[in-house]
>>> print(open('run-v3.cif').read())   # mmCIF, C-alpha atoms
data_protein
#
loop_
_atom_site.label_atom_id
_atom_site.label_comp_id
_atom_site.auth_asym_id
_atom_site.auth_seq_id
_atom_site.Cartn_x
_atom_site.Cartn_y
_atom_site.Cartn_z
CA MET O 1 -3.10 -4.27 -29.21
CA CYS O 2 -2.03 -7.88 -28.68
CA LYS O 3 -4.62 -10.67 -29.06
CA ALA O 4 -4.46 -11.61 -25.35
CA VAL O 5 -5.21 -8.05 -24.19
CA PHE O 6 -8.00 -7.72 -26.77
CA ASN O 7 -9.59 -10.95 -25.61
CA LYS O 8 -9.41 -9.84 -21.97
CA LEU O 9 -11.07 -6.52 -22.76
CA VAL O 10 -13.81 -8.32 -24.69
CA LEU O 11 -14.35 -10.63 -21.70
CA VAL O 12 -14.58 -7.71 -19.29
CA THR O 13 -17.04 -5.92 -21.59
CA LEU O 14 -19.23 -9.01 -21.82
CA LEU O 15 -19.11 -9.54 -18.08
CA THR O 16 -20.06 -5.91 -17.49
CA MET O 17 -23.04 -6.29 -19.81
CA LEU O 18 -24.10 -9.49 -18.10
CA VAL O 19 -23.92 -8.26 -14.50
CA PRO O 20 -27.15 -6.22 -14.62
CA ALA O 21 -28.95 -9.15 -16.24
CA VAL O 22 -27.62 -11.72 -13.78
CA GLY O 23 -27.69 -9.25 -10.91
CA PHE O 24 -27.55 -10.04 -7.23
CA ALA O 25 -29.96 -9.81 -4.36
CA ALA O 26 -31.75 -6.48 -4.45
CA ASP O 27 -31.14 -5.98 -0.74
CA THR O 28 -27.32 -6.22 -0.94
CA ILE O 29 -24.41 -4.09 -2.12
CA LYS O 30 -21.33 -6.05 -3.13
CA ILE O 31 -17.91 -4.52 -2.36
CA GLY O 32 -14.69 -6.26 -3.31
CA VAL O 33 -11.63 -6.50 -1.07
CA ALA O 34 -8.47 -7.49 -2.95
CA GLY O 35 -4.95 -8.03 -1.66
CA PRO O 36 -2.50 -10.62 -0.35
CA HIS O 37 -4.53 -12.77 2.01
CA SER O 38 -1.95 -15.57 1.91
CA GLY O 39 1.77 -15.91 1.22
CA ASP O 40 4.79 -13.88 2.33
CA LEU O 41 3.01 -10.52 2.09
CA ALA O 42 -0.27 -11.47 3.77
CA ALA O 43 0.67 -9.25 6.72
CA TYR O 44 -0.03 -6.29 4.43
CA GLY O 45 -3.36 -7.52 3.08
CA ILE O 46 -5.15 -9.17 5.98
CA PRO O 47 -5.38 -5.98 8.12
CA THR O 48 -7.22 -4.22 5.27
CA LYS O 49 -9.53 -7.20 4.84
CA GLU O 50 -10.31 -7.14 8.56
CA ALA O 51 -10.80 -3.36 8.48
CA ALA O 52 -13.35 -3.66 5.67
CA GLU O 53 -15.14 -6.39 7.60
CA LEU O 54 -15.37 -4.21 10.72
CA VAL O 55 -16.86 -1.28 8.79
CA ALA O 56 -19.29 -3.53 6.92
CA GLU O 57 -20.43 -5.21 10.14
CA GLU O 58 -21.11 -1.85 11.80
CA VAL O 59 -22.99 -0.46 8.80
CA ASN O 60 -25.07 -3.61 8.46
CA ALA O 61 -25.88 -3.65 12.18
CA ASN O 62 -27.18 -0.09 11.90
CA GLY O 63 -29.64 -0.73 9.10
CA GLY O 64 -27.30 -1.13 6.18
CA LEU O 65 -26.28 1.19 3.36
CA LEU O 66 -29.16 2.84 1.49
CA GLY O 67 -31.31 0.24 3.17
CA LYS O 68 -29.22 -2.63 1.84
CA GLN O 69 -26.74 -4.99 3.47
CA ILE O 70 -23.06 -4.86 2.47
CA VAL O 71 -21.65 -8.13 1.18
CA LEU O 72 -17.85 -8.33 0.88
CA VAL O 73 -16.16 -10.30 -1.88
CA ASN O 74 -12.69 -11.13 -0.51
CA LEU O 75 -10.19 -12.30 -3.13
CA ASP O 76 -6.50 -13.13 -2.66
CA ASP O 77 -3.96 -11.80 -5.21
CA GLN O 78 -0.81 -12.66 -3.19
CA CYS O 79 0.58 -9.31 -4.41
CA LYS O 80 1.27 -10.94 -7.79
CA PRO O 81 0.26 -9.03 -10.95
CA GLU O 82 -0.61 -12.18 -12.87
CA ILE O 83 -3.04 -13.24 -10.13
CA ALA O 84 -4.37 -9.70 -9.70
CA THR O 85 -5.68 -9.66 -13.29
CA ASN O 86 -7.67 -12.82 -12.59
CA VAL O 87 -8.94 -11.35 -9.34
CA ALA O 88 -10.05 -8.18 -11.12
CA THR O 89 -11.90 -10.15 -13.78
CA LYS O 90 -13.60 -12.17 -11.04
CA MET O 91 -14.62 -8.97 -9.25
CA VAL O 92 -16.31 -7.71 -12.42
CA SER O 93 -18.15 -10.99 -12.88
CA GLU O 94 -19.28 -10.90 -9.23
CA GLY O 95 -20.90 -7.51 -9.80
CA VAL O 96 -19.03 -5.54 -7.15
CA VAL O 97 -19.72 -1.80 -7.14
CA ALA O 98 -16.19 -0.93 -5.99
CA VAL O 99 -13.00 -2.54 -4.72
CA ILE O 100 -10.98 -1.83 -1.59
CA GLY O 101 -7.48 -2.63 -2.85
CA HIS O 102 -5.30 -3.81 -4.25
CA VAL O 103 -2.42 -3.56 -1.77
CA CYS O 104 0.86 -3.86 -3.72
CA SER O 105 1.55 -1.36 -6.49
CA GLY O 106 2.40 -3.96 -9.14
CA ALA O 107 -0.78 -5.92 -8.50
CA THR O 108 -2.82 -2.72 -8.40
CA LYS O 109 -1.46 -1.58 -11.75
CA ALA O 110 -2.23 -4.96 -13.31
CA ALA O 111 -5.86 -4.81 -12.14
CA LEU O 112 -6.75 -1.16 -12.76
CA GLY O 113 -7.28 -1.41 -16.51
CA ILE O 114 -9.85 -4.15 -15.98
CA TYR O 115 -11.67 -2.11 -13.35
CA LYS O 116 -11.58 0.92 -15.62
CA GLU O 117 -13.22 -1.03 -18.43
CA GLY O 118 -15.80 -2.33 -15.97
CA ASN O 119 -16.56 1.15 -14.53
CA ILE O 120 -15.44 0.07 -11.08
CA ILE O 121 -13.86 2.35 -8.47
CA ALA O 122 -10.77 1.03 -6.67
CA ILE O 123 -9.49 2.56 -3.42
CA SER O 124 -6.11 1.28 -2.24
CA PRO O 125 -4.79 1.63 1.32
CA SER O 126 -1.18 1.13 0.29
CA ALA O 127 -0.34 1.23 -3.45
CA THR O 128 2.09 4.15 -3.38
CA ASN O 129 3.56 4.09 -6.91
CA PRO O 130 3.11 7.73 -8.09
CA PRO O 131 2.08 7.08 -11.73
CA LEU O 132 -1.02 5.20 -10.54
CA THR O 133 -2.57 8.62 -9.88
CA GLN O 134 -0.21 11.08 -11.52
CA SER O 135 -0.33 9.59 -15.02
CA GLY O 136 -4.04 10.31 -15.36
CA GLU O 137 -4.48 6.86 -16.88
CA TYR O 138 -6.73 5.56 -14.11
CA PRO O 139 -9.47 8.06 -13.15
CA ASN O 140 -11.16 5.19 -11.31
CA PHE O 141 -8.28 4.88 -8.82
CA PHE O 142 -8.01 6.47 -5.38
CA ARG O 143 -5.75 5.84 -2.38
CA THR O 144 -5.70 6.70 1.31
CA ILE O 145 -1.90 6.83 1.51
CA ALA O 146 0.59 9.35 0.15
CA PRO O 147 2.63 8.45 -2.97
CA ASP O 148 6.25 7.30 -3.11
CA ASP O 149 7.70 10.59 -4.32
CA GLU O 150 6.89 12.02 -0.88
CA GLN O 151 8.21 8.90 0.84
CA GLY O 152 11.40 8.87 -1.22
CA LYS O 153 12.06 12.52 -0.43
CA LEU O 154 11.56 11.90 3.29
CA ALA O 155 13.98 8.94 3.27
CA ALA O 156 16.59 10.92 1.32
CA ASN O 157 16.37 13.97 3.58
CA PHE O 158 16.48 11.84 6.73
CA ALA O 159 19.62 10.05 5.53
CA THR O 160 21.46 13.26 4.70
CA ASP O 161 20.09 15.78 7.20
CA LYS O 162 19.43 13.63 10.29
CA LEU O 163 21.97 10.83 9.89
CA GLY O 164 24.62 12.92 8.14
CA ALA O 165 25.24 10.27 5.48
CA LYS O 166 27.64 11.25 2.69
CA LYS O 167 27.90 8.03 0.65
CA ILE O 168 24.60 6.20 0.22
CA ALA O 169 23.91 2.80 -1.33
CA ILE O 170 20.40 2.43 -2.78
CA ILE O 171 19.15 -1.13 -3.26
CA HIS O 172 15.77 -2.11 -4.72
CA ASP O 173 13.76 -5.20 -5.66
CA LYS O 174 13.20 -4.17 -9.32
CA GLY O 175 9.41 -3.93 -8.84
CA ASP O 176 7.06 -1.02 -9.52
CA TYR O 177 6.93 -0.19 -5.83
CA GLY O 178 10.50 -0.89 -4.74
CA LYS O 179 12.33 0.61 -7.71
CA GLY O 180 9.91 3.53 -7.81
CA PHE O 181 10.75 4.41 -4.22
CA ALA O 182 14.47 3.93 -4.91
CA ASP O 183 14.36 6.14 -8.00
CA PHE O 184 12.81 8.98 -6.04
CA ALA O 185 15.27 8.60 -3.18
CA GLN O 186 18.15 8.81 -5.65
CA GLN O 187 16.59 11.80 -7.38
CA PHE O 188 16.24 13.80 -4.15
CA ILE O 189 19.71 12.86 -2.89
CA GLN O 190 21.28 14.04 -6.14
CA ALA O 191 19.20 17.23 -6.17
CA GLY O 192 20.13 17.99 -2.56
CA GLY O 193 23.85 17.82 -3.22
CA LYS O 194 24.67 16.79 0.36
CA ALA O 195 25.57 13.17 -0.39
CA LYS O 196 26.59 10.88 -3.23
CA VAL O 197 24.81 7.73 -4.38
CA VAL O 198 27.72 5.29 -4.55
CA LEU O 199 25.66 2.24 -5.51
CA PHE O 200 22.25 1.83 -7.17
CA GLU O 201 21.42 -1.81 -7.73
CA GLY O 202 18.50 -4.20 -8.00
CA ILE O 203 18.23 -7.58 -6.30
CA THR O 204 16.10 -10.60 -7.17
CA PRO O 205 13.12 -11.09 -4.82
CA GLY O 206 13.07 -14.50 -3.18
CA ALA O 207 16.82 -15.14 -3.49
CA MET O 208 18.33 -17.13 -0.65
CA ASP O 209 21.26 -14.81 -0.06
CA TYR O 210 22.26 -11.21 -0.77
CA SER O 211 25.84 -11.34 0.48
CA ALA O 212 27.19 -10.33 -2.95
CA VAL O 213 25.37 -6.99 -2.94
CA VAL O 214 26.33 -6.47 0.72
CA GLN O 215 29.95 -6.89 -0.32
CA LYS O 216 29.44 -4.20 -2.99
CA ILE O 217 27.98 -1.86 -0.37
CA ARG O 218 31.10 -2.38 1.76
CA LYS O 219 33.44 -1.96 -1.21
CA GLU O 220 31.87 1.39 -2.15
CA GLY O 221 32.32 2.67 1.40
CA ALA O 222 28.64 3.46 1.90
CA ASP O 223 27.72 4.94 5.26
CA ALA O 224 23.96 4.29 4.85
CA VAL O 225 21.63 2.05 2.88
CA ILE O 226 18.24 3.00 1.47
CA PHE O 227 16.19 0.01 0.36
CA GLY O 228 13.14 -0.06 -1.88
CA GLY O 229 11.02 -3.19 -1.51
CA TYR O 230 9.22 -5.43 0.96
CA HIS O 231 10.13 -6.99 4.30
CA PRO O 232 11.20 -10.51 3.17
CA GLU O 233 14.12 -9.12 1.15
CA ALA O 234 14.86 -6.39 3.71
CA SER O 235 15.15 -9.04 6.42
CA LYS O 236 17.67 -11.05 4.40
CA LEU O 237 19.70 -7.95 3.55
CA ILE O 238 19.87 -6.93 7.20
CA ASN O 239 20.85 -10.45 8.22
CA ASN O 240 23.63 -10.55 5.64
CA MET O 241 24.87 -7.12 6.72
CA LYS O 242 24.98 -8.23 10.36
CA LYS O 243 26.89 -11.39 9.46
CA LYS O 244 29.47 -9.33 7.59
CA ARG O 245 29.62 -6.79 10.45
CA LEU O 246 28.49 -3.99 8.19
CA ASN O 247 26.90 -1.81 10.84
CA ILE O 248 25.55 1.20 8.98
CA PRO O 249 22.03 2.72 9.04
CA PHE O 250 19.39 0.90 6.99
CA ILE O 251 16.32 2.83 5.82
CA GLY O 252 13.36 1.11 4.22
CA PRO O 253 9.91 2.26 3.03
CA ASP O 254 6.47 1.37 4.38
CA GLY O 255 6.88 -2.07 2.81
CA VAL O 256 9.34 -2.74 5.63
CA LYS O 257 7.50 -1.05 8.50
CA GLY O 258 5.33 -3.77 9.94
CA ASP O 259 5.05 -6.85 12.11
CA GLY O 260 6.14 -9.09 9.25
CA PHE O 261 9.58 -7.51 9.22
CA LEU O 262 9.88 -7.61 13.01
CA GLU O 263 8.97 -11.30 13.11
CA ILE O 264 11.30 -12.40 10.31
CA ALA O 265 14.27 -10.14 11.07
CA GLY O 266 14.09 -10.77 14.82
CA GLU O 267 16.95 -9.23 16.77
CA ASP O 268 18.53 -8.03 13.53
CA ALA O 269 15.65 -5.55 13.13
CA GLU O 270 16.82 -3.45 16.09
CA GLY O 271 17.87 0.03 14.97
CA VAL O 272 16.44 -0.25 11.44
CA TYR O 273 14.64 2.82 10.11
CA ALA O 274 11.55 2.82 7.92
CA THR O 275 9.25 5.44 6.53
CA GLY O 276 5.54 4.86 6.97
CA PRO O 277 2.18 6.62 7.23
CA MET O 278 2.18 9.37 9.84
CA ASP O 279 0.81 8.63 13.28
CA VAL O 280 -2.98 8.96 13.17
CA SER O 281 -3.73 7.47 16.58
CA LEU O 282 -5.09 10.73 18.01
CA PHE O 283 -7.97 11.00 15.54
CA PRO O 284 -11.29 10.01 17.19
CA GLU O 285 -12.27 7.73 14.31
CA ASN O 286 -8.93 5.96 14.61
CA LYS O 287 -9.31 5.39 18.33
CA LYS O 288 -12.75 3.89 17.82
CA ALA O 289 -11.60 1.67 14.94
CA ARG O 290 -8.68 0.32 16.92
CA GLU O 291 -10.78 -0.27 20.02
CA ASP O 292 -13.33 -2.17 17.94
CA TYR O 293 -10.55 -4.22 16.34
CA THR O 294 -8.92 -5.09 19.66
CA SER O 295 -12.29 -6.02 21.13
CA LYS O 296 -12.99 -8.43 18.27
CA TYR O 297 -9.55 -9.90 17.58
CA GLY O 298 -7.78 -9.52 20.92
CA LYS O 299 -4.66 -7.94 19.40
CA ASP O 300 -3.42 -4.73 17.84
CA PRO O 301 -4.23 -4.19 14.14
CA GLY O 302 -1.48 -4.65 11.59
CA THR O 303 0.09 -2.67 8.78
CA PHE O 304 -2.27 -0.56 6.63
CA PHE O 305 -5.26 -1.26 8.90
CA ASP O 306 -5.80 2.48 9.39
CA GLN O 307 -5.62 3.17 5.64
CA GLY O 308 -7.85 0.19 4.81
CA TYR O 309 -10.45 1.30 7.35
CA ALA O 310 -10.35 4.83 5.92
CA ALA O 311 -10.77 3.50 2.37
CA MET O 312 -13.90 1.60 3.39
CA GLN O 313 -15.23 4.62 5.29
CA ALA O 314 -14.66 6.86 2.27
CA LEU O 315 -16.47 4.43 -0.03
CA VAL O 316 -19.45 4.07 2.30
CA ALA O 317 -19.68 7.87 2.59
CA ALA O 318 -19.51 8.25 -1.20
CA ILE O 319 -22.34 5.75 -1.70
CA LYS O 320 -24.44 7.63 0.86
CA ALA O 321 -23.63 11.04 -0.67
CA SER O 322 -24.36 9.95 -4.23
CA GLY O 323 -27.49 8.08 -3.24
CA GLY O 324 -26.50 5.07 -5.31
CA THR O 325 -23.64 2.96 -6.62
CA ASP O 326 -23.21 4.20 -10.19
CA TYR O 327 -19.63 4.98 -11.22
CA ALA O 328 -20.07 8.67 -12.06
CA GLY O 329 -21.80 9.42 -8.79
CA LEU O 330 -19.17 7.64 -6.69
CA GLU O 331 -16.28 9.33 -8.48
CA LYS O 332 -17.79 12.79 -7.98
CA ALA O 333 -18.56 12.15 -4.32
CA LEU O 334 -15.04 10.89 -3.57
CA ARG O 335 -13.49 14.02 -5.09
CA THR O 336 -15.83 16.59 -3.54
CA ASN O 337 -16.92 15.43 -0.08
CA TYR O 338 -14.76 15.58 3.04
CA VAL O 339 -15.07 12.51 5.27
CA GLU O 340 -13.99 11.91 8.86
CA THR O 341 -11.92 8.72 8.71
CA SER O 342 -9.40 6.71 10.69
CA VAL O 343 -6.59 8.72 9.00
CA GLY O 344 -8.24 12.10 9.58
CA LYS O 345 -10.61 14.31 7.64
CA ILE O 346 -9.94 13.63 3.98
CA LYS O 347 -11.19 13.98 0.45
CA PHE O 348 -9.47 13.01 -2.77
CA ASP O 349 -7.91 15.48 -5.21
CA ASN O 350 -8.41 15.42 -8.96
CA LYS O 351 -5.66 12.81 -9.33
CA GLY O 352 -7.12 10.46 -6.71
CA ASP O 353 -4.65 11.13 -3.88
CA ALA O 354 -6.05 11.73 -0.40
CA GLU O 355 -5.52 15.26 0.84
CA GLY O 356 -4.08 15.54 4.34
CA VAL O 357 -2.15 12.27 4.61
CA GLY O 358 1.64 11.95 4.81
CA PHE O 359 4.65 9.98 6.02
CA ALA O 360 6.92 9.89 9.07
CA VAL O 361 10.18 8.10 9.93
CA TYR O 362 10.19 5.23 12.43
CA GLN O 363 12.95 3.18 14.07
CA VAL O 364 12.88 -0.26 15.63
CA GLN O 365 13.49 0.27 19.34
CA GLY O 366 13.00 -2.57 21.79
CA GLY O 367 11.39 -4.71 19.12
CA LYS O 368 8.81 -2.10 18.07
CA PHE O 369 8.63 0.67 15.47
CA VAL O 370 8.78 4.03 17.23
CA GLU O 371 8.33 7.36 15.46
CA VAL O 372 11.52 9.42 15.23
CA LYS O 373 10.71 12.98 16.23
#
>>> encode(input="run-v3.cif", output="structure tokens")
Amino acid sequence: MCKAVFNKLVLVTLLTMLVPAVGFAADTIKIGVAGPHSGDLAAYGIPTKEAAELVAEEVNANGGLLGKQIVLVNLDDQCKPEIATNVATKMVSEGVVAVIGHVCSGATKAALGIYKEGNIIAISPSATNPPLTQSGEYPNFFRTIAPDDEQGKLAANFATDKLGAKKIAIIHDKGDYGKGFADFAQQFIQAGGKAKVVLFEGITPGAMDYSAVVQKIRKEGADAVIFGGYHPEASKLINNMKKKRLNIPFIGPDGVKGDGFLEIAGEDAEGVYATGPMDVSLFPENKKAREDYTSKYGKDPGTFFDQGYAAMQALVAAIKASGGTDYAGLEKALRTNYVETSVGKIKFDNKGDAEGVGFAVYQVQGGKFVEVK
């Protein structure tokens, strides 16, 4: 173990020991909310923050949780792993009993070890990287969204079965989330035998121009593109493709499906496909959550609001069921009790994945994402 990691673990251990001594008001329960609250990816983090606030406000207005008021500790990680570790350490020192977040897979992975050492549950609305649950390394981690292996399979099957693509270019942003999604898409395309992956290449996030990789896509004769990553890079790729008159289907993951992409890509977004959480608007809890949000904010909720709201609901239910906030009790309650949430009736399996959630394919039509039936 390197000295830096050792020192961080010692710090977390000390902070964990100090929290009971320092404590916080006996009539409050502190819950952390971590994600990108500023920067290019804030559109993914702010809806979860607002969802947690709505749930907390309702619980507090109805007498609180176990007779105590919920206090949220909102910390911004900008979806950057190096900031997420600092956020996680701060959460431990603040004495939170659990964390809603993080949002991006890379940031989540960076923070989970610290939460594990601090005996803190983390429930993410959006960190889809499969090893976060499937590796067994983080028993303290849960999520209210399906993992990327399911999303990658859906994107691959849609490209080959629905679009009839035969030569597919797969581009990714080299990150845990983006490359993970791309790897699974490639795996399922190759296993299906209906199409060939003619290009598999990473791009550098934040670059000003991706015309070079667009030229490679053209050279390889690709008739569809599957992209793994977030909306800033997807927007630039689409723009470069339009400029070079490369008019072939573009399929992104849930990191593309959102208002951020629509705003940045503008008219270029029209016709783009993206996988994303299945439509949950018919669930009663979802209708109520969205009505409450619209009433307060005067607009529709953004990306991952439903999953963030469900994560907060699941945590509140676990605290009620366990009768306290100790780690063992919360973990057991999350895995054993079904809860009516904004994404349906769920509980978490032994790995930490929510049972009953899934993905669908959407297309930008008239400036909005519409589910493809």
>>> residues_around(input="run-v3.cif", residues="range 194-205 of chain O", least_positions_apart="2", cutoff="8 Å", atoms="all atoms listed in the file", output="list in words")
Thr160, Ala165, Lys166, Lys167, Ile168, Ala169, Ile170, Ile171, His172, Asp173, Lys174, Lys179, Gln186, Ile189, Gln190, Gly192, Ala207, Tyr210, Val213, Lys216, Ile217, Glu220, Gly221, Ala222 and Glu233 of chain O
>>> atom_distance(input="run-v3.cif", atom1="CA of Ile346 in chain O", atom2="CA of Ala321 in chain O")
14.7 Å
>>> residues_around(input="run-v3.cif", residues="Tyr177 in chain O", least_positions_apart="3", cutoff="9 Å", atoms="all atoms listed in the file", output="list in words")
Cys104, Ser105, Gly106, Ala127, Thr128, Asn129, Asp148, Asp173, Lys174, Gly180, Phe181, Ala182, Gly228, Gly229, Tyr230 and Gly255 of chain O
>>> closest_atom_pairs(input="run-v3.cif", of="range 62-111 of chain O", to="range 28-39 of chain O", cutoff="6 Å", atoms="all atoms listed in the file", output="JSON lines")
{"residue": "O:Lys68", "atom": "CA", "partner": "O:Thr28", "partner_atom": "CA", "distance": 4.9}
{"residue": "O:Gln69", "atom": "CA", "partner": "O:Thr28", "partner_atom": "CA", "distance": 4.6}
{"residue": "O:Ile70", "atom": "CA", "partner": "O:Ile29", "partner_atom": "CA", "distance": 4.8}
{"residue": "O:Val71", "atom": "CA", "partner": "O:Lys30", "partner_atom": "CA", "distance": 4.8}
{"residue": "O:Leu72", "atom": "CA", "partner": "O:Ile31", "partner_atom": "CA", "distance": 5.0}
{"residue": "O:Val73", "atom": "CA", "partner": "O:Gly32", "partner_atom": "CA", "distance": 4.5}
{"residue": "O:Asn74", "atom": "CA", "partner": "O:Val33", "partner_atom": "CA", "distance": 4.8}
{"residue": "O:Leu75", "atom": "CA", "partner": "O:Ala34", "partner_atom": "CA", "distance": 5.1}
{"residue": "O:Asp76", "atom": "CA", "partner": "O:His37", "partner_atom": "CA", "distance": 5.1}
{"residue": "O:Asp77", "atom": "CA", "partner": "O:Pro36", "partner_atom": "CA", "distance": 5.2}
{"residue": "O:Gln78", "atom": "CA", "partner": "O:Pro36", "partner_atom": "CA", "distance": 3.9}
{"residue": "O:Cys79", "atom": "CA", "partner": "O:Pro36", "partner_atom": "CA", "distance": 5.3}
{"residue": "O:Val96", "atom": "CA", "partner": "O:Lys30", "partner_atom": "CA", "distance": 4.7}
{"residue": "O:Val97", "atom": "CA", "partner": "O:Ile31", "partner_atom": "CA", "distance": 5.8}
{"residue": "O:Ala98", "atom": "CA", "partner": "O:Ile31", "partner_atom": "CA", "distance": 5.4}
{"residue": "O:Val99", "atom": "CA", "partner": "O:Gly32", "partner_atom": "CA", "distance": 4.3}
{"residue": "O:Ile100", "atom": "CA", "partner": "O:Val33", "partner_atom": "CA", "distance": 4.7}
{"residue": "O:Gly101", "atom": "CA", "partner": "O:Ala34", "partner_atom": "CA", "distance": 5.0}
{"residue": "O:His102", "atom": "CA", "partner": "O:Gly35", "partner_atom": "CA", "distance": 5.0}
{"residue": "O:Val103", "atom": "CA", "partner": "O:Gly35", "partner_atom": "CA", "distance": 5.1}
>>> residues_around(input="run-v3.cif", residues="Ala88 in chain O", least_positions_apart="5", cutoff="7 Å", atoms="all atoms listed in the file", output="ChimeraX atom specification")
/O:111,114-115
>>> resolve_selection(input="run-v3.cif", expression="the PyMOL selection byres ((chain O and resi 162) around 12)", output="list in words")
Leu154, Ala155, Ala156, Asn157, Phe158, Ala159, Thr160, Asp161, Leu163, Gly164, Ala165, Lys166, Lys194, Ala224, Pro249, Tyr273, Val361, Val372 and Lys373 of chain O
>>> write_last_selection(input="run-v3.cif", atoms="C-alpha atoms", output="tab-separated table (two decimals), in the frame of the given file")
chain	number	residue	atom	x	y	z
O	154	LEU	CA	11.56	11.90	3.29
O	155	ALA	CA	13.98	8.94	3.27
O	156	ALA	CA	16.59	10.92	1.32
O	157	ASN	CA	16.37	13.97	3.58
O	158	PHE	CA	16.48	11.84	6.73
O	159	ALA	CA	19.62	10.05	5.53
O	160	THR	CA	21.46	13.26	4.70
O	161	ASP	CA	20.09	15.78	7.20
O	163	LEU	CA	21.97	10.83	9.89
O	164	GLY	CA	24.62	12.92	8.14
O	165	ALA	CA	25.24	10.27	5.48
O	166	LYS	CA	27.64	11.25	2.69
O	194	LYS	CA	24.67	16.79	0.36
O	224	ALA	CA	23.96	4.29	4.85
O	249	PRO	CA	22.03	2.72	9.04
O	273	TYR	CA	14.64	2.82	10.11
O	361	VAL	CA	10.18	8.10	9.93
O	372	VAL	CA	11.52	9.42	15.23
O	373	LYS	CA	10.71	12.98	16.23
>>> atom_distance(input="run-v3.cif", atom1="CA of Lys236 in chain O", atom2="CA of Ile145 in chain O")
26.7 Å
>>> residues_around(input="run-v3.cif", residues="Lys347 in chain O", least_positions_apart="4", cutoff="8 Å", atoms="all atoms listed in the file", output="list in words")
Leu334, Arg335, Thr336, Asn337, Tyr338, Val339, Ala354 and Glu355 of chain O
>>> atom_distance(input="run-v3.cif", atom1="CA of Val316 in chain O", atom2="CA of Leu65 in chain O")
7.5 Å
>>> residues_around(input="run-v3.cif", residues="range 369-371 of chain O", least_positions_apart="5", cutoff="8 Å", atoms="only C-alpha atoms", output="PyMOL selection string")
chain O and resi 257-258+279+360-364
>>> closest_residue(input="run-v3.cif", among="O:Gly95, O:Gly260, O:Gly352, O:Gly302", to="Thr48 in chain O", atoms="all atoms listed in the file")
O:Gly302
>>> closest_residue(input="run-v3.cif", among="O:Ala269, O:Leu282, O:Ile83, O:Val343", to="Met312 in chain O", atoms="all atoms listed in the file")
O:Val343
>>> decode(input="run-v3.cif", residues="range 51-55 of chain O", atoms="all heavy atoms", output="short mmCIF file (atom, residue, chain, number, x, y, z; two decimals), in the first residue's frame")
data_model
loop_
_atom_site.label_atom_id
_atom_site.label_comp_id
_atom_site.auth_asym_id
_atom_site.auth_seq_id
_atom_site.Cartn_x
_atom_site.Cartn_y
_atom_site.Cartn_z
N ALA O 51 -34.00 16.47 -5.85
CA ALA O 51 -34.86 15.36 -5.46
C ALA O 51 -34.70 15.05 -3.98
O ALA O 51 -35.68 14.85 -3.25
CB ALA O 51 -34.53 14.13 -6.31
N ALA O 52 -33.44 15.00 -3.53
CA ALA O 52 -33.18 14.72 -2.11
C ALA O 52 -33.78 15.81 -1.23
O ALA O 52 -34.32 15.54 -0.15
CB ALA O 52 -31.67 14.61 -1.88
N GLU O 53 -33.70 17.05 -1.70
CA GLU O 53 -34.26 18.17 -0.93
C GLU O 53 -35.79 18.05 -0.81
O GLU O 53 -36.36 18.32 0.25
CB GLU O 53 -33.87 19.49 -1.58
CG GLU O 53 -32.38 19.81 -1.44
CD GLU O 53 -31.94 21.00 -2.28
OE1 GLU O 53 -32.73 21.46 -3.14
OE2 GLU O 53 -30.80 21.45 -2.08
N LEU O 54 -36.44 17.63 -1.91
CA LEU O 54 -37.89 17.48 -1.88
C LEU O 54 -38.31 16.42 -0.87
O LEU O 54 -39.26 16.62 -0.09
CB LEU O 54 -38.41 17.11 -3.27
CG LEU O 54 -38.63 18.24 -4.27
CD1 LEU O 54 -39.08 17.67 -5.60
CD2 LEU O 54 -39.65 19.25 -3.76
N VAL O 55 -37.62 15.26 -0.91
CA VAL O 55 -37.97 14.18 0.01
C VAL O 55 -37.72 14.62 1.45
O VAL O 55 -38.56 14.39 2.34
CB VAL O 55 -37.16 12.91 -0.31
CG1 VAL O 55 -37.44 11.82 0.73
CG2 VAL O 55 -37.50 12.38 -1.70
#
